[in-house]
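Structure file entry.cif (mmCIF, C-alpha atoms (C1' of nucleotides)) follows.
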```
data_work
#
loop_
_atom_site.label_atom_id
_atom_site.label_comp_id
_atom_site.auth_asym_id
_atom_site.auth_seq_id
_atom_site.Cartn_x
_atom_site.Cartn_y
_atom_site.Cartn_z
CA MET A 187 33.68 52.17 -22.50
CA LYS A 188 30.21 52.34 -23.94
CA ARG A 189 29.10 54.22 -26.95
CA ARG A 190 26.18 56.53 -27.07
CA GLY A 191 23.61 57.02 -29.80
CA PRO A 192 22.25 54.44 -32.25
CA ARG A 193 24.01 51.10 -32.61
CA ALA A 194 26.32 50.67 -35.58
CA ASN A 195 24.12 48.04 -37.22
CA GLY A 196 21.04 50.05 -38.05
CA GLY A 197 19.81 50.61 -34.51
CA GLU A 198 17.83 47.44 -34.24
CA ALA A 199 17.99 47.25 -30.47
CA ARG A 200 14.37 46.20 -30.25
CA GLU A 201 14.86 43.12 -32.38
CA ALA A 202 18.05 42.19 -30.52
CA ILE A 203 16.19 42.43 -27.22
CA LEU A 204 13.37 40.25 -28.48
CA GLN A 205 15.79 37.61 -29.72
CA ALA A 206 17.80 37.62 -26.50
CA ALA A 207 14.63 37.48 -24.42
CA ARG A 208 13.48 34.41 -26.30
CA GLU A 209 16.70 32.60 -25.48
CA GLN A 210 16.82 33.69 -21.86
CA PHE A 211 13.21 32.81 -21.11
CA ALA A 212 13.65 29.44 -22.82
CA THR A 213 16.82 28.68 -20.88
CA HIS A 214 15.96 29.95 -17.41
CA GLY A 215 12.20 30.40 -17.34
CA TYR A 216 10.29 33.58 -16.61
CA ALA A 217 11.02 34.14 -12.91
CA ALA A 218 14.75 33.47 -13.09
CA THR A 219 15.25 35.72 -16.11
CA THR A 220 16.07 39.37 -15.37
CA LEU A 221 15.66 42.33 -17.66
CA ARG A 222 19.26 43.21 -16.98
CA ALA A 223 20.42 39.78 -18.17
CA ILE A 224 18.35 40.14 -21.34
CA ALA A 225 19.86 43.56 -22.02
CA ARG A 226 23.36 42.20 -21.43
CA ALA A 227 22.80 39.28 -23.79
CA ALA A 228 21.41 41.64 -26.40
CA GLY A 229 24.34 44.00 -26.00
CA VAL A 230 22.13 46.97 -25.17
CA ASP A 231 21.52 49.22 -22.21
CA ALA A 232 19.62 47.84 -19.23
CA ALA A 233 16.89 50.44 -19.58
CA LEU A 234 15.93 49.56 -23.15
CA PRO A 235 13.85 46.44 -22.56
CA SER A 236 11.51 48.47 -20.36
CA TYR A 237 11.57 51.36 -22.82
CA TYR A 238 10.52 49.20 -25.77
CA PHE A 239 8.15 46.77 -24.14
CA GLY A 240 6.94 48.55 -21.03
CA SER A 241 7.19 45.65 -18.60
CA LYS A 242 8.82 42.31 -18.15
CA ASN A 243 5.53 40.50 -18.60
CA ALA A 244 4.75 42.39 -21.81
CA LEU A 245 8.14 41.42 -23.16
CA PHE A 246 7.45 37.81 -22.23
CA VAL A 247 4.16 37.87 -24.08
CA ALA A 248 5.87 39.47 -27.07
CA THR A 249 8.29 36.53 -27.29
CA LEU A 250 5.38 34.13 -27.50
CA GLN A 251 3.95 35.46 -30.75
CA LEU A 252 4.32 32.47 -33.03
CA PRO A 253 3.96 32.10 -36.78
CA VAL A 254 1.77 29.04 -36.18
CA THR A 255 -0.14 28.30 -33.00
CA PRO A 256 -0.12 24.83 -31.41
CA GLY A 257 -3.86 24.62 -32.02
CA GLU A 258 -3.46 25.08 -35.74
CA ILE A 259 -0.78 22.42 -35.85
CA ILE A 260 -3.08 19.94 -34.16
CA ASP A 261 -5.91 20.82 -36.50
CA GLY A 262 -3.67 20.16 -39.48
CA LEU A 263 -2.63 16.88 -37.97
CA LEU A 264 -6.12 15.65 -37.21
CA ALA A 265 -7.41 16.78 -40.60
CA ASP A 266 -5.57 13.81 -42.12
CA GLY A 267 -7.64 11.42 -40.04
CA LEU A 268 -6.78 9.33 -37.01
CA ASP A 269 -5.15 6.62 -39.10
CA GLY A 270 -1.50 6.59 -38.12
CA ALA A 271 -2.02 9.83 -36.23
CA GLY A 272 0.01 8.55 -33.28
CA GLU A 273 3.29 8.40 -35.12
CA ARG A 274 2.55 11.53 -37.13
CA LEU A 275 1.92 13.40 -33.89
CA VAL A 276 5.27 12.41 -32.43
CA ARG A 277 7.15 13.32 -35.60
CA ARG A 278 5.37 16.61 -36.08
CA LEU A 279 5.92 17.50 -32.46
CA LEU A 280 9.65 16.80 -32.51
CA ALA A 281 10.09 18.70 -35.76
CA VAL A 282 8.61 21.85 -34.25
CA TRP A 283 10.25 21.66 -30.83
CA ASP A 284 13.68 20.77 -32.22
CA ASP A 285 13.60 23.85 -34.44
CA PRO A 286 15.29 26.68 -32.50
CA GLU A 287 13.09 29.31 -34.06
CA ARG A 288 9.76 27.67 -33.33
CA GLY A 289 10.79 25.60 -30.33
CA ALA A 290 12.32 28.27 -28.09
CA PRO A 291 9.06 30.07 -27.26
CA LEU A 292 7.38 26.76 -26.45
CA ILE A 293 10.21 25.73 -24.16
CA ALA A 294 10.03 29.15 -22.51
CA VAL A 295 6.36 28.66 -21.72
CA LEU A 296 6.97 25.20 -20.33
CA ARG A 297 9.85 26.44 -18.16
CA SER A 298 7.66 29.24 -16.86
CA ALA A 299 4.86 26.92 -15.82
CA PRO A 300 5.34 27.62 -12.09
CA SER A 301 4.87 31.37 -12.49
CA HIS A 302 2.15 31.15 -15.14
CA GLY A 303 0.48 27.93 -14.07
CA GLU A 304 -3.10 29.09 -14.26
CA ALA A 305 -2.75 30.58 -17.74
CA MET A 306 -1.09 27.41 -18.92
CA ARG A 307 -3.81 25.16 -17.54
CA GLU A 308 -6.48 27.11 -19.38
CA PHE A 309 -4.51 27.15 -22.61
CA VAL A 310 -3.82 23.42 -22.57
CA GLU A 311 -7.41 22.53 -21.75
CA ARG A 312 -8.93 24.84 -24.34
CA GLU A 313 -6.45 24.76 -27.20
CA ILE A 314 -4.91 21.31 -26.97
CA LEU A 315 -6.98 18.86 -24.98
CA ALA A 316 -10.35 19.98 -26.33
CA ARG A 317 -9.19 19.45 -29.92
CA PHE A 318 -8.11 15.89 -29.27
CA ALA A 319 -11.28 15.17 -27.33
CA ALA A 320 -13.40 16.35 -30.26
CA ALA A 321 -11.55 14.08 -32.66
CA ILE A 322 -11.75 10.94 -30.52
CA ASP A 323 -14.78 8.71 -31.00
CA ALA A 324 -15.33 7.06 -27.64
CA PRO A 325 -17.42 7.51 -24.49
CA ASP A 326 -14.35 8.49 -22.49
CA ALA A 327 -12.98 10.80 -25.20
CA THR A 328 -12.04 13.57 -22.78
CA LEU A 329 -10.08 11.27 -20.51
CA ARG A 330 -8.34 9.74 -23.51
CA ALA A 331 -7.42 13.21 -24.71
CA GLY A 332 -5.99 13.79 -21.25
CA ALA A 333 -3.86 10.70 -21.64
CA VAL A 334 -2.53 12.03 -24.94
CA VAL A 335 -1.70 15.34 -23.32
CA SER A 336 0.05 13.63 -20.40
CA GLN A 337 2.30 11.57 -22.66
CA VAL A 338 3.15 14.52 -24.87
CA LEU A 339 3.72 16.81 -21.92
CA GLY A 340 6.01 14.26 -20.28
CA LEU A 341 8.04 13.83 -23.45
CA VAL A 342 8.66 17.53 -24.03
CA THR A 343 9.36 18.18 -20.35
CA ALA A 344 11.88 15.35 -20.14
CA ARG A 345 13.54 16.13 -23.46
CA TYR A 346 13.55 19.92 -23.60
CA VAL A 347 13.33 21.15 -20.02
CA LEU A 348 15.08 18.55 -17.88
CA HIS A 349 17.27 17.08 -20.64
CA ILE A 350 16.91 13.56 -19.30
CA GLU A 351 18.92 10.99 -21.22
CA PRO A 352 18.39 9.06 -23.39
CA LEU A 353 15.22 11.01 -24.18
CA ALA A 354 17.04 14.26 -24.82
CA SER A 355 19.15 12.89 -27.65
CA ALA A 356 17.01 10.06 -28.99
CA SER A 357 16.25 10.18 -32.72
CA HIS A 358 12.85 11.04 -34.11
CA ASP A 359 12.59 7.51 -35.51
CA GLU A 360 13.23 5.88 -32.16
CA LEU A 361 10.69 8.02 -30.34
CA ALA A 362 8.09 7.65 -33.07
CA ALA A 363 8.40 3.88 -32.92
CA LEU A 364 8.16 3.76 -29.15
CA LEU A 365 5.61 6.49 -28.33
CA GLY A 366 3.59 6.48 -31.56
CA PRO A 367 1.62 3.30 -30.72
CA THR A 368 0.84 4.67 -27.25
CA LEU A 369 -0.77 7.81 -28.66
CA GLN A 370 -2.51 5.75 -31.31
CA ARG A 371 -4.08 3.57 -28.62
CA TYR A 372 -5.26 6.62 -26.69
CA LEU A 373 -6.78 8.06 -29.88
CA THR A 374 -8.39 4.99 -31.40
CA GLY A 375 -7.61 1.95 -29.23
CA MET B 175 0.18 42.90 18.99
CA LYS B 176 2.76 40.15 19.06
CA ARG B 177 3.85 38.17 22.03
CA ARG B 178 7.38 37.54 23.01
CA GLY B 179 8.98 34.41 24.37
CA PRO B 180 8.12 30.78 23.63
CA ARG B 181 4.87 29.94 21.87
CA ALA B 182 2.00 28.75 24.01
CA ASN B 183 1.98 25.28 22.50
CA GLY B 184 5.34 23.97 23.63
CA GLY B 185 7.57 26.21 21.51
CA GLU B 186 7.61 24.00 18.45
CA ALA B 187 8.34 26.79 16.03
CA ARG B 188 10.80 24.67 14.12
CA GLU B 189 8.27 22.00 13.33
CA ALA B 190 5.65 24.58 12.37
CA ILE B 191 8.11 26.19 9.98
CA LEU B 192 8.96 22.86 8.37
CA GLN B 193 5.30 22.04 7.89
CA ALA B 194 4.46 25.46 6.45
CA ALA B 195 7.50 25.33 4.17
CA ARG B 196 6.36 22.00 2.76
CA GLU B 197 2.99 23.47 1.82
CA GLN B 198 4.38 26.69 0.41
CA PHE B 199 7.05 25.03 -1.69
CA ALA B 200 4.52 22.52 -3.00
CA THR B 201 2.04 25.23 -3.89
CA HIS B 202 4.27 27.93 -5.33
CA GLY B 203 7.60 26.28 -6.10
CA TYR B 204 11.00 27.22 -4.75
CA ALA B 205 11.61 30.58 -6.41
CA ALA B 206 8.18 32.05 -5.76
CA THR B 207 8.18 31.05 -2.10
CA THR B 208 9.60 33.57 0.36
CA LEU B 209 10.88 32.96 3.84
CA ARG B 210 8.54 35.67 5.04
CA ALA B 211 5.53 33.87 3.59
CA ILE B 212 6.62 30.64 5.27
CA ALA B 213 7.02 32.41 8.60
CA ARG B 214 3.61 34.04 8.23
CA ALA B 215 1.94 30.72 7.40
CA ALA B 216 3.66 29.10 10.37
CA GLY B 217 2.61 31.93 12.67
CA VAL B 218 6.17 32.71 13.71
CA ASP B 219 8.57 35.60 13.32
CA ALA B 220 10.15 36.22 9.93
CA ALA B 221 13.66 35.71 11.27
CA LEU B 222 13.08 32.22 12.61
CA PRO B 223 13.29 30.21 9.38
CA SER B 224 16.80 31.55 8.86
CA TYR B 225 17.64 31.00 12.52
CA TYR B 226 16.64 27.35 12.48
CA PHE B 227 17.71 26.28 9.02
CA GLY B 228 20.41 28.76 8.05
CA SER B 229 19.29 29.45 4.50
CA LYS B 230 16.33 29.15 2.21
CA ASN B 231 17.95 26.37 0.26
CA ALA B 232 18.78 24.39 3.40
CA LEU B 233 15.17 24.69 4.47
CA PHE B 234 14.07 23.47 1.06
CA VAL B 235 16.34 20.45 1.35
CA ALA B 236 15.02 19.80 4.85
CA THR B 237 11.45 19.58 3.51
CA LEU B 238 12.51 16.89 1.06
CA GLN B 239 13.52 14.34 3.69
CA LEU B 240 11.05 11.57 3.03
CA PRO B 241 10.14 8.47 5.01
CA VAL B 242 10.48 6.44 1.82
CA THR B 243 12.49 7.46 -1.22
CA PRO B 244 11.13 7.10 -4.75
CA GLY B 245 13.92 4.66 -5.50
CA GLU B 246 12.84 2.32 -2.73
CA ILE B 247 9.26 2.46 -3.93
CA ILE B 248 10.32 1.43 -7.40
CA ASP B 249 12.46 -1.37 -6.04
CA GLY B 250 9.50 -2.69 -4.08
CA LEU B 251 7.35 -2.50 -7.16
CA LEU B 252 9.78 -4.27 -9.46
CA ALA B 253 10.52 -6.93 -6.85
CA ASP B 254 7.10 -8.40 -7.60
CA GLY B 255 8.11 -9.00 -11.22
CA LEU B 256 7.12 -7.25 -14.41
CA ASP B 257 3.86 -9.14 -14.69
CA GLY B 258 1.12 -6.55 -14.36
CA ALA B 259 3.70 -3.98 -13.27
CA GLY B 260 2.16 -1.34 -15.55
CA GLU B 261 -1.08 -1.09 -13.63
CA ARG B 262 0.61 -1.56 -10.26
CA LEU B 263 2.94 1.31 -11.07
CA VAL B 264 0.08 3.68 -11.82
CA ARG B 265 -1.82 2.71 -8.67
CA ARG B 266 1.20 2.87 -6.42
CA LEU B 267 2.16 6.23 -7.88
CA LEU B 268 -1.25 7.79 -7.37
CA ALA B 269 -1.51 6.45 -3.83
CA VAL B 270 1.74 8.19 -2.85
CA TRP B 271 1.19 11.48 -4.68
CA ASP B 272 -2.43 11.81 -3.58
CA ASP B 273 -1.37 11.48 0.05
CA PRO B 274 -0.79 15.02 1.40
CA GLU B 275 1.96 13.88 3.74
CA ARG B 276 4.03 11.99 1.19
CA GLY B 277 2.93 13.83 -1.94
CA ALA B 278 3.64 17.44 -0.96
CA PRO B 279 7.44 17.17 -1.01
CA LEU B 280 7.31 15.46 -4.40
CA ILE B 281 5.08 18.16 -5.83
CA ALA B 282 7.42 20.77 -4.39
CA VAL B 283 10.37 19.28 -6.23
CA LEU B 284 8.44 19.09 -9.47
CA ARG B 285 7.30 22.70 -9.13
CA SER B 286 10.86 23.77 -8.49
CA ALA B 287 12.23 22.07 -11.58
CA PRO B 288 13.16 25.37 -13.27
CA SER B 289 15.36 26.49 -10.39
CA HIS B 290 16.78 23.07 -9.59
CA GLY B 291 16.80 21.55 -13.08
CA GLU B 292 20.28 20.09 -13.05
CA ALA B 293 19.83 18.38 -9.69
CA MET B 294 16.53 16.95 -10.83
CA ARG B 295 17.98 15.59 -14.05
CA GLU B 296 20.68 13.71 -12.18
CA PHE B 297 18.23 12.37 -9.63
CA VAL B 298 15.77 11.11 -12.22
CA GLU B 299 18.46 9.49 -14.35
CA ARG B 300 20.20 7.81 -11.42
CA GLU B 301 17.39 6.95 -9.04
CA ILE B 302 14.42 6.38 -11.33
CA LEU B 303 15.37 5.71 -14.91
CA ALA B 304 18.34 3.47 -14.15
CA ARG B 305 16.20 1.20 -11.99
CA PHE B 306 13.64 0.67 -14.72
CA ALA B 307 16.36 0.15 -17.30
CA ALA B 308 17.93 -2.58 -15.18
CA ALA B 309 14.62 -4.39 -14.86
CA ILE B 310 13.73 -4.30 -18.56
CA ASP B 311 14.92 -7.19 -20.69
CA ALA B 312 15.39 -5.71 -24.16
CA PRO B 313 18.16 -4.28 -26.34
CA ASP B 314 16.69 -0.79 -26.04
CA ALA B 315 16.05 -1.08 -22.30
CA THR B 316 17.35 2.40 -21.53
CA LEU B 317 15.17 4.08 -24.11
CA ARG B 318 12.17 2.09 -22.91
CA ALA B 319 12.90 3.21 -19.37
CA GLY B 320 12.94 6.75 -20.72
CA ALA B 321 9.50 6.20 -22.19
CA VAL B 322 8.23 5.03 -18.80
CA VAL B 323 9.69 8.11 -17.17
CA SER B 324 8.14 10.40 -19.78
CA GLN B 325 4.65 9.00 -19.30
CA VAL B 326 4.90 9.10 -15.53
CA LEU B 327 6.39 12.58 -15.52
CA GLY B 328 3.63 13.83 -17.82
CA LEU B 329 0.93 12.35 -15.63
CA VAL B 330 2.17 13.86 -12.38
CA THR B 331 2.89 17.23 -13.99
CA ALA B 332 -0.56 17.43 -15.55
CA ARG B 333 -2.39 16.16 -12.47
CA TYR B 334 -0.49 17.72 -9.57
CA VAL B 335 1.26 20.80 -10.95
CA LEU B 336 -0.93 22.13 -13.75
CA HIS B 337 -4.21 20.60 -12.53
CA ILE B 338 -5.36 19.86 -16.05
CA GLU B 339 -8.82 18.34 -16.24
CA PRO B 340 -9.96 15.63 -16.44
CA LEU B 341 -6.59 14.25 -15.35
CA ALA B 342 -6.57 16.17 -12.07
CA SER B 343 -9.73 14.57 -10.76
CA ALA B 344 -9.81 11.23 -12.58
CA SER B 345 -10.10 8.16 -10.37
CA HIS B 346 -7.26 5.76 -9.77
CA ASP B 347 -9.21 3.04 -11.58
CA GLU B 348 -9.70 5.13 -14.70
CA LEU B 349 -6.05 6.11 -14.92
CA ALA B 350 -4.83 2.60 -14.18
CA ALA B 351 -6.98 1.21 -16.97
CA LEU B 352 -5.85 3.82 -19.47
CA LEU B 353 -2.16 4.29 -18.64
CA GLY B 354 -1.36 0.88 -17.18
CA PRO B 355 -1.18 -0.90 -20.55
CA THR B 356 1.09 1.84 -21.91
CA LEU B 357 3.64 1.36 -19.15
CA GLN B 358 3.29 -2.41 -19.47
CA ARG B 359 4.18 -2.20 -23.16
CA TYR B 360 7.21 -0.03 -22.42
CA LEU B 361 8.35 -2.53 -19.77
CA THR B 362 7.70 -5.82 -21.52
CA GLY B 363 6.09 -5.13 -24.90
"C1'" DG C 89 14.13 31.09 22.12
"C1'" DT C 90 12.12 35.04 20.09
"C1'" DC C 91 11.96 39.45 18.12
"C1'" DT C 92 13.73 44.25 16.35
"C1'" DA C 93 16.47 46.46 13.41
"C1'" DT C 94 19.25 46.57 9.79
"C1'" DA C 95 22.98 45.36 6.44
"C1'" DT C 96 23.16 43.90 1.86
"C1'" DA C 97 21.69 42.76 -2.53
"C1'" DT C 98 18.84 42.50 -6.45
"C1'" DG C 99 15.46 43.61 -9.79
"C1'" DG C 100 11.69 46.29 -12.10
"C1'" DA C 101 10.69 50.62 -13.61
"C1'" DT C 102 11.13 55.69 -14.72
"C1'" DA C 103 12.70 60.67 -15.18
"C1'" DG C 104 15.51 63.28 -17.57
"C1'" DA C 105 20.10 64.29 -19.66
"C1'" DC C 106 22.42 63.76 -24.04
"C1'" DG D 30 17.01 56.48 -29.67
"C1'" DT D 31 20.20 55.69 -26.08
"C1'" DC D 32 22.11 56.03 -21.62
"C1'" DT D 33 22.78 57.69 -16.56
"C1'" DA D 34 21.08 57.88 -12.28
"C1'" DT D 35 17.95 56.70 -9.16
"C1'" DC D 36 13.56 55.46 -6.87
"C1'" DC D 37 11.12 51.86 -4.87
"C1'" DA D 38 9.90 47.44 -3.62
"C1'" DT D 39 11.23 43.07 -2.05
"C1'" DA D 40 14.07 39.44 -0.26
"C1'" DT D 41 17.87 36.96 2.21
"C1'" DA D 42 20.46 37.00 6.08
"C1'" DT D 43 22.48 38.47 10.50
"C1'" DA D 44 23.74 41.06 14.84
"C1'" DG D 45 22.23 41.96 19.01
"C1'" DA D 46 18.52 43.37 22.35
"C1'" DC D 47 15.16 41.21 25.36
#
```

Taking this structure as input, can you express it in the form of structure tokens?
Amino acid sequence: MKRRGPRANGGEAREAILQAAREQFATHGYAATTLRAIARAAGVDAALPSYYFGSKNALFVATLQLPVTPGEIIDGLLADGLDGAGERLVRRLLAVWDDPERGAPLIAVLRSAPSHGEAMREFVEREILARFAAAIDAPDATLRAGAVVSQVLGLVTARYVLHIEPLASASHDELAALLGPTLQRYLTG
Amino acid sequence: MKRRGPRANGGEAREAILQAAREQFATHGYAATTLRAIARAAGVDAALPSYYFGSKNALFVATLQLPVTPGEIIDGLLADGLDGAGERLVRRLLAVWDDPERGAPLIAVLRSAPSHGEAMREFVEREILARFAAAIDAPDATLRAGAVVSQVLGLVTARYVLHIEPLASASHDELAALLGPTLQRYLTG
DNA sequence: GTCTATATATGGATAGAC
DNA sequence: GTCTATCCATATATAGAC
């Protein structure tokens, strides 16, 4: 028996939808997430996601608006120099992705790679890989930056998308000790 | 104007469907691939994929039947000892994945990770990670095996799914030189 | 063995009542 | 601002004609 009219708690259906969408996209990816499922999880009518955001894709984009972009994080990291950057990168990365608030949108993007592959390729090349390449001082800087991206991408995919053990529940210290030197070698080795 | 009856070339609709399905699944992933698209690519009627394989999922499984399983490849690799295994692993890996015949099913699985995540997790842990862990002689063998998996997973995802440059078109020599030592350190470092 | 026709289901989106 | 009802497109799967 459903009520009609504004919700009891201030009528914040829009915010509830956005929050639920973040979780659903992060858990199931873009294609497998339905607007109806989002509405159900948000406790609102099935027509409201479309009403507020226009389309499924627009809602998806809306969930990706982050307080800090990945590019800015990398800039901040590289600003401290390449000394010990390998371990710092691993720790910084895990801190962001393990935080539900900041991590969920990133996981959602990664899970949606099949349906948004082209957009993701461009983003990674322009916003991530290019920054590392610019910071690396070597003839094969671009390829080395690619190596960094591959190791980072593999870590987050295994830990946050596929939940492969023991990677999924390893501590930040363990991963920093094991993967830090690898990234350091790609950056300066 | 469509014909009726058996195809001119020996009526091998089943094989044509299987071949087309391999390509479609590898290119678009499981969810985004439709039976109709497979039938169209195979040049057969839209009802035949269901007729021959029963369901979309059964057809997907049928495309994954490989001449050699990843587990056997790893066994063969590790049988030669851990000496220089890092570089050998990279080269062996690229040889298989770059081969259209053997690589397409693997790419299809990787692309379909979102819709078959649980199955993939189990497979990787049991068939891939466990084998490396058994071969590594160290207290943290399992975590080290996880590191190997993460680097390999990142490489194939970047190169074959997202097509991130310069990883997508780097030569086997370049990648072996750059990533080989990383895997070697995880295995024996 | 192949094709037509269709049952069935699902999801995105919208018009209009309340 | 919220909800009902529905349109429309698409997709899997199957029954039965040829």

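For the pair atom CA of Thr237 of chain B and atom CA of Val335 of chain B, the separation is 17.7 Å.
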
- Task: Skip segment 224-228 of chain B itself and residues of its chain fewer than 3 positions away, then list as a ChimeraX atom specification all residues within 9 Å of it, counting all atoms listed in the file.
- Result: /B:188,191,209,220-221,231-233,236 /D:41-42

At most 8 Å is the cut-off: for each residue in chain C with any atom that close to an atom of chain A, write down the nearest atom pair and the distance in Å rounded to one decimal, counting all atoms listed in the file, chain first then increasing number, as CSV.
```
residue,atom,partner,partner_atom,distance
C:DG99,C1',A:Thr220,CA,7.0
C:DG100,C1',A:Lys242,CA,7.8
C:DA101,C1',A:Ser236,CA,7.1
```

- Query: Could you list, as number ranges by chain, every residue of chain B that has an atom within 8 Å of an atom of chain A, counting only C-alpha atoms?
  - Reply: B: 202-203, 205-206, 285-289, 291-292, 294-295, 298-299, 316-318, 320-321, 323-329, 331-332, 335-341, 344, 352-353, 356, 360

Give me, as a Markdown table, each residue of chain D that comes within 12 Å of chain A, together with its shortest interatomic pair and the distance in Å at one decimal, counting only C-alpha atoms (C1' of nucleotides), with rows ordered by chain and rising residue number.
```
| residue | atom | partner | partner_atom | distance |
| --- | --- | --- | --- | --- |
| D:DG30 | C1' | A:Pro192 | CA | 6.2 |
| D:DT31 | C1' | A:Gly191 | CA | 5.2 |
| D:DC32 | C1' | A:Arg190 | CA | 6.8 |
| D:DT33 | C1' | A:Ala233 | CA | 9.8 |
| D:DA34 | C1' | A:Ala233 | CA | 11.2 |
```

Write the selection just made, keeping C-alpha atoms (C1' of nucleotides), as a JSON list (two decimals), keeping the file's coordinate frame?
```json
[["chain", "number", "residue", "atom", "x", "y", "z"],
["D", 30, "DG", "C1'", 17.01, 56.48, -29.67],
["D", 31, "DT", "C1'", 20.20, 55.69, -26.08],
["D", 32, "DC", "C1'", 22.11, 56.03, -21.62],
["D", 33, "DT", "C1'", 22.78, 57.69, -16.56],
["D", 34, "DA", "C1'", 21.08, 57.88, -12.28]]
```

- Task: Quick one: pull the distance between atom CA of Leu279 of chain A and atom CA of Gly267 of chain A, Å, one decimal.
- Result: 16.7 Å

- Restricting the calculation to all atoms listed in the file, which member of A:Asp323, A:Ala206, A:Ala228, A:Phe211 is positioned closest to Leu268 of chain A?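 Looking at the shortest contact to Leu268 of chain A, the residue is A:Asp323.
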
- Query: Quick one: distance from atom CA of Ile310 of chain B to atom CA of Thr362 of chain B in Å, one decimal?
  - Reply: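 Those two atoms sit 6.9 Å apart.
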
- Task: Mind checking which residues fall within 9 Å of Ala350 of chain B, counting all atoms listed in the file, ignoring those fewer than 4 positions away in the same chain, and posting them as a PyMOL selection string?
- Result: chain B and resi 260-265+345-346+354-355

Using the chain letters and residue numbers of this document, give as a CSV table (one decimal) with C-alpha atoms (C1' of nucleotides), in the coordinates of the input the residues selected by the PyMOL selection byres ((chain C and resi 102) around 9).
```csv
chain,number,residue,atom,x,y,z
C,101,DA,C1',10.7,50.6,-13.6
C,103,DA,C1',12.7,60.7,-15.2
D,35,DT,C1',18.0,56.7,-9.2
D,36,DC,C1',13.6,55.5,-6.9
```

- For the file shown, report as a list in words the outcome of the PyMOL selection byres ((chain D and resi 43) around 9) at residue level.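 After applying the PyMOL selection byres ((chain D and resi 43) around 9), what remains is DT94 and DA95 of chain C; DA42 and DA44 of chain D.
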
- Task: Find the residues around Ala265 of chain A up to 12 Å (only C-alpha atoms (C1' of nucleotides) counted), leave out those fewer than 4 positions away in its own chain, and share them as a ChimeraX atom specification.
- Result: /A:258-261,269,271,274-275,317-318,320-321

- Item | Selection near Pro286 of chain A, 10 Å with only C-alpha atoms (C1' of nucleotides), sequence-local residues under 6 positions removed, as an MDAnalysis selection string | chainID A and resid 209 292:293

Selection above as a file: C-alpha atoms, as a tab-separated table (two decimals), in the coordinates of the input:
```
chain	number	residue	atom	x	y	z
A	209	GLU	CA	16.70	32.60	-25.48
A	292	LEU	CA	7.38	26.76	-26.45
A	293	ILE	CA	10.21	25.73	-24.16
```
